[in-house]
Structures are given as structure tokens and as C-alpha cells.
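Peer 1: Got a structure here, written out as C-alpha cells. Questions coming.
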Amino acid sequence: MARARHKWGLLGGSAVLVASSLVGCHEGEPVREQYPLWTQQGTAVEFPQDFRGRVVLVAFFYVQCPDICPMIAERMRQIWEALPDTAGVQAVMISFDPRRDTPERLRDFAQAHGLPEPGFVLASGRPEVVDQLVERFGVVVQKTPSEFTAGGEAYFFAHSDVLFLLDSQGRIRKRYSGTDAPIAEVVRDVEQLRQER
Amino acid sequence: MRWYCAMLLSAGVTSLWAQGTVTLHGFWARPAGKAIPSAAYGVIHNRGTRADTLLEAASPQARRVELHETVRDTAGRMRMQKLERLVVPAGDSVVLRPGGLHLMLYELQQALRPGDTLQLRLRFAQAGWQQVQCPVGPPPRLRRQPPEMPHEHRH
Ligand SMILES: [Cu+2]
């Protein structure tokens with residue numbers, strides 16, 4: 001985890017973050033911890049256990065993000081649409097703003113950005129669970145109060161811009177920039193992991 | 001001039017809109033629920049011989065409009081910072097686009113849905129108030145073509 005954070009700190013671009021090939025099995029330990037989340041349908045899921053057996057694209061976001069998170073959603077949708085076959089593939093977007101991102105807001109976000117169901121699961125969970133999950137993935141999230149609005153709703157987050165690729169065993173196999181992930185490369189990687197299943 | 005005064009002021013200055021040398025192109029806004037901030041993007045072109053400066057923005061559909069820039073900080077985080085003004089050099093353009101400069105819209109009167117139009121006004125030091133209509137939807141390059149009308153041939 002500390003290593004992941006370090007990597008993000010030093011390098012800004014997308015393609016340079018990791019070698020272009022998939023990380024070998026020995027490098028990525030499966031995410032064994034279980035994180036109870038809820039989805040945009042209000043359904044309880046265990047992440048990543050409930051997605052085992054599928055190749056999973058994972059990004060972290062929050063609904064009130066006006067600029068970056070919509071770009072991540074758009075990029076994931078573009079990747080999804082470019083996949084020759086989505087059987088055995090799942091896209092999961094996890095909100096680190098559970099206090100505001102109710103299932104209803106998650107549904108709104110999915111709809112506003114044309115994220116197809118059931119391919120896309122939008123999820124969040126109890127704050128302490130989400131904090132641990134974010135930490136486990138080495139994602140950096142920092143609450144930044146808006147200088148303007150009084151009242152509890154006015155805050156943003158400074159956050160990492162990252163897309164993860166998990167194999168069917170729940171191992172993190174690759175990281176990309178979320179807003180800028182090279183579509184053809186991600187499609188190729190997903191296909192490769194699909195074959196590995 | 002403060003950004004959040006824009007609403008109050010913009011009401012009275014319609015008649016003062018200058019025939020500016022600043023033009024606004026390809027503006028669009030993101031869909032957003034009522035409690036969700038939106039962002040507007042587009043190109044500001046200054047065909048004049050003097051630099052102009054964007055000083056404030058307003059919309060009848062939002063309580064407040066601010067100029068922001070998304071930047072990557074030293075820890076690799078993406079964060080937004082507020083800008084008080086934006087210089088548009090003579091004979092040049094400034095592009096507001098996702099991941100960079102944008103106009104943030106706070107406290108929308110109503111949700112913005114794809115197909116809606118957002119009215120936006122920008123005030124420049126030289127060109128005065130300029131108005132632009134922003135179609136609401138995904139970024140223009142990602143918009144799907146409208147489905148073609150089926151050709152039905154009945155013989
Ligand atoms: Cu902003």
C-alpha cells in the first residue's frame with residue numbers, strides 16, 4: 001500500500017505508472033479482506049468476494065465531483081463499450097463519500113453518465129469500511145471544505161485518479177489513470193484476464 | 001468584483017453588453033442533480049488586439065458560478081482551485097475543458113438533464129457581459145449521433 005502511494009506521488013501521467021504488461025500473479029496478492037458495501041439498488045454486496053470469478057474494473061469516486069469523476073465514469077463507459085465481450089466482466093465504482101452518496105444518488109449518477117446495468121455496479125458503505133477499502137487500494141482521498149457554502153454539504157475531495165484491474169481471483173493486476181486510461185490497452189488486458197479464468 | 005455578486009449585478013447590466021471582440025464557442029454543461037454542482041466548458045476567443053480578462057460569471061439557473069481549475073498536486077491527487085480572473089490574450093483562445101479550467105455552478109435551481117440548456121453570462125474587463133447557451137449533456141466528442149431515421153420502403 002505504501003508502495004502504491006509512493007508511486008502515485010512521484011508520477012503524474014497515465015501510461016508511465018506501471019509497466020505496460022500485466023503484473024504477474026506473484027506480485028498481486030488477492031484482496032482477501034471483505035468490505036460490506038451497498039449498491040445503487042440498495043443491495044448488500046461483499047467486495048471483492050461477490051465479484052470473484054469475474055474480471056473487475058474498479059474506480060473510486062464521489063457523486064458531487066463536478067470535473068474529474070465524470071471523466072473517470074466516461075472513460076470506463078468508453079472501455080466498456082469497446083470490450084468485444086462483457087461476459088465475465090464487471091465495472092465497479094466505489095464512492096468514498098457515503099454520507100451523501102445514497103443508493104438513489106448513485107443511481108442518478110449512473111443514469112446521468114449512461115453507465116449500463118448490470119455491467120456497472122456503483123457502491124458505497126459505512127464510512128469506516130470505505131476508509132479501509134480506500135487505504136487498501138492505496139487511493140489518496142482528502143476532504144477539502146468549500147470556501148463558500150455554510151452548512152454541512154459543502155465539501156469536495158482531492159483524490160487519486162486511478163482505475164484498477166482485478167483478475168477473477170481478486171488480485172489487483174494493473175493500475176491506470178482513471179480519466180486517461182488507454183482504452184485499447186485496457187481492453188486487451190481485460191481480454192487476457194478473461195482467458196486466464 | 002466577487003463571483004458570488006454576479007447574480008445581483010447581472011440583472012441590471014443587460015443593456016450595457018458591449019459589442020465585444022470576445023466570442024464564446026462550443027459551450028456545454030454537465031448534467032447534474034439539483035443538489036449536485038455542475039460544470040460548464042467551452043472556448044473563449046479574443047479576436048481583438050488587446051488582452052481581455054474574464055472577471056466573473058453568472059447564470060439565472062445557479063446561485064453561484066466560479067472559475068476553477070483542476071490541478072494535480074504533488075501527492076498525485078486531483079484537486080480544484082479557484083481563480084479570480086482569467087486573461088485571454090489578444091488574438092488567442094482559452095479552452096475550458098474537463099480536467100482543466102471550468103466554470104463551476106453551485107446550487108442549481110433545478111436539475112440539469114441532458115437536452116436542457118444552461119444560460120451563462122461571462123463578464124470581461126473589455127468586452128463586458130457576454131451571453132452563451134450551453135447545451136447540457138456528455139462532452140460533445142462523446143455524444144452519440146442521433147439514431148438515423150429508419151428508411152421504410154413500402155411498395
Ligand atoms: Cu470546480
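Scheme for the C-alpha cells: letters A, B, ... for chains in order shown; per-chain residue numbers from 1; ligand numbers from 1 in order shown.
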For chain B, which residues have at least one atom within 6 Å of chain A, if we go by only C-alpha atoms? Write them as a VMD selection string, please.
Peer 2: chain B and resid 36 to 39 75 to 79 98 to 99
Peer 1: Given the selection you just returned, output its residues as a file containing N, CA and C atoms, formatted as a PDB file, in the first residue's frame.
Peer 2:
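Just written: out-v2.pdb:
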ATOM      1  N   ILE B  36     -26.345  18.753  -6.791  1.00  0.00           N
ATOM      2  CA  ILE B  36     -25.019  18.389  -7.277  1.00  0.00           C
ATOM      3  C   ILE B  36     -24.459  19.561  -8.085  1.00  0.00           C
ATOM      4  N   PRO B  37     -23.198  19.940  -7.850  1.00  0.00           N
ATOM      5  CA  PRO B  37     -22.641  21.008  -8.687  1.00  0.00           C
ATOM      6  C   PRO B  37     -22.453  20.546 -10.133  1.00  0.00           C
ATOM      7  N   SER B  38     -22.620  21.470 -11.040  1.00  0.00           N
ATOM      8  CA  SER B  38     -22.352  21.169 -12.443  1.00  0.00           C
ATOM      9  C   SER B  38     -21.119  21.951 -12.879  1.00  0.00           C
ATOM     10  N   ALA B  39     -20.661  21.705 -14.077  1.00  0.00           N
ATOM     11  CA  ALA B  39     -19.528  22.438 -14.628  1.00  0.00           C
ATOM     12  C   ALA B  39     -19.819  22.749 -16.086  1.00  0.00           C
ATOM     13  N   ALA B  75       1.060  15.173  -4.344  1.00  0.00           N
ATOM     14  CA  ALA B  75       0.774  13.822  -3.865  1.00  0.00           C
ATOM     15  C   ALA B  75       0.001  13.012  -4.909  1.00  0.00           C
ATOM     16  N   GLY B  76      -0.168  13.568  -6.101  1.00  0.00           N
ATOM     17  CA  GLY B  76      -0.871  12.840  -7.148  1.00  0.00           C
ATOM     18  C   GLY B  76      -2.383  12.980  -7.079  1.00  0.00           C
ATOM     19  N   ARG B  77      -2.864  13.770  -6.146  1.00  0.00           N
ATOM     20  CA  ARG B  77      -4.313  13.975  -6.025  1.00  0.00           C
ATOM     21  C   ARG B  77      -4.783  15.017  -7.023  1.00  0.00           C
ATOM     22  N   MET B  78      -5.998  14.843  -7.493  1.00  0.00           N
ATOM     23  CA  MET B  78      -6.630  15.843  -8.325  1.00  0.00           C
ATOM     24  C   MET B  78      -7.429  16.759  -7.403  1.00  0.00           C
ATOM     25  N   ARG B  79      -7.186  18.037  -7.510  1.00  0.00           N
ATOM     26  CA  ARG B  79      -7.953  18.965  -6.687  1.00  0.00           C
ATOM     27  C   ARG B  79      -8.319  20.174  -7.525  1.00  0.00           C
ATOM     28  N   PRO B  98     -12.783  19.548 -19.548  1.00  0.00           N
ATOM     29  CA  PRO B  98     -12.711  18.631 -18.403  1.00  0.00           C
ATOM     30  C   PRO B  98     -11.270  18.344 -18.015  1.00  0.00           C
ATOM     31  N   GLY B  99     -11.018  18.376 -16.727  1.00  0.00           N
ATOM     32  CA  GLY B  99      -9.679  18.137 -16.227  1.00  0.00           C
ATOM     33  C   GLY B  99      -8.815  19.382 -16.204  1.00  0.00           C
TER      34      GLY B  99
END
Peer 1: Any chance you could tabulate, as a tab-separated table, the residues of chain B at most 7 Å from ligand 1 with each one's nearest atom pair and distance in Å to one decimal, using only C-alpha atoms and all ligand atoms, in chain and rising number order?
Peer 2:
residue	atom	partner	partner_atom_place_in_ligand_line	distance
B:Ala39	CA	ligand 1	1 (Cu)	6.8
B:His68	CA	ligand 1	1 (Cu)	4.7
B:Glu69	CA	ligand 1	1 (Cu)	6.4
B:Thr70	CA	ligand 1	1 (Cu)	6.8
B:Met80	CA	ligand 1	1 (Cu)	5.4
B:His102	CA	ligand 1	1 (Cu)	6.3
B:Leu103	CA	ligand 1	1 (Cu)	6.7
B:Met104	CA	ligand 1	1 (Cu)	4.9
Peer 1: Among chain A, which ones does DSSP assign to helix (DSSP H, G or I) (computed from the backbone)? Answer as a ChimeraX atom specification.
Peer 2: /A:2-10,15-17,49-51,68-82,103-112,127-136,183-196
Peer 1: Between B:Gln130, B:Gly42, B:Ala90, B:Leu83, which is the closest to B:Trp28 once you count only C-alpha atoms?
Peer 2: B:Gly42
Peer 1: Within 12 Å of A:Ala184, counting only C-alpha atoms, which residues show up once you throw out same-chain ones fewer than 6 positions away? Write them as JSON, numbers by chain, please.
Peer 2: {"A": [20, 75, 78, 79, 80, 81, 82, 83, 84, 190, 191]}
Peer 1: What lies within 7 Å of A:Val58 using only C-alpha atoms, ignoring chain neighbours under 6 positions off, as number ranges by chain?
Peer 2: A: 91-93, 163-165
Peer 1: For atom CA of A:Glu128 and atom CA of A:Pro36, determine how far apart the two atoms are, in Å to one decimal place.
Peer 2: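 Atom CA of A:Pro36 lies at a distance of 10.7 Å from atom CA of A:Glu128.
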Peer 1: Please, what distance in Å, to one decimal, runs between atom CA of B:Ala32 and atom CA of A:Ala110?
Peer 2: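 A separation of 11.3 Å between them.
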Peer 1: With distances taken over only C-alpha atoms, which residue among B:Gln119, B:Gln109, B:Gln126, B:Ser93 lies nearest B:Gly33?
Peer 2: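 Using only C-alpha atoms, the shortest distance to B:Gly33 belongs to B:Gln109.
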Peer 1: Need the shell around B:Ala125: protein/DNA/RNA residues with any atom at most 7 Å away, counting only C-alpha atoms. Skip same-chain ones fewer than 5 positions apart. Format as a PyMOL selection string?
Peer 2: chain B and resi 52-55
Peer 1: Which is closest to B:Val132 among B:Val94, B:Gln61, B:Asp73, B:Leu120, if we use only C-alpha atoms?
Peer 2: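 Under the stated criterion, the closest residue is B:Leu120.
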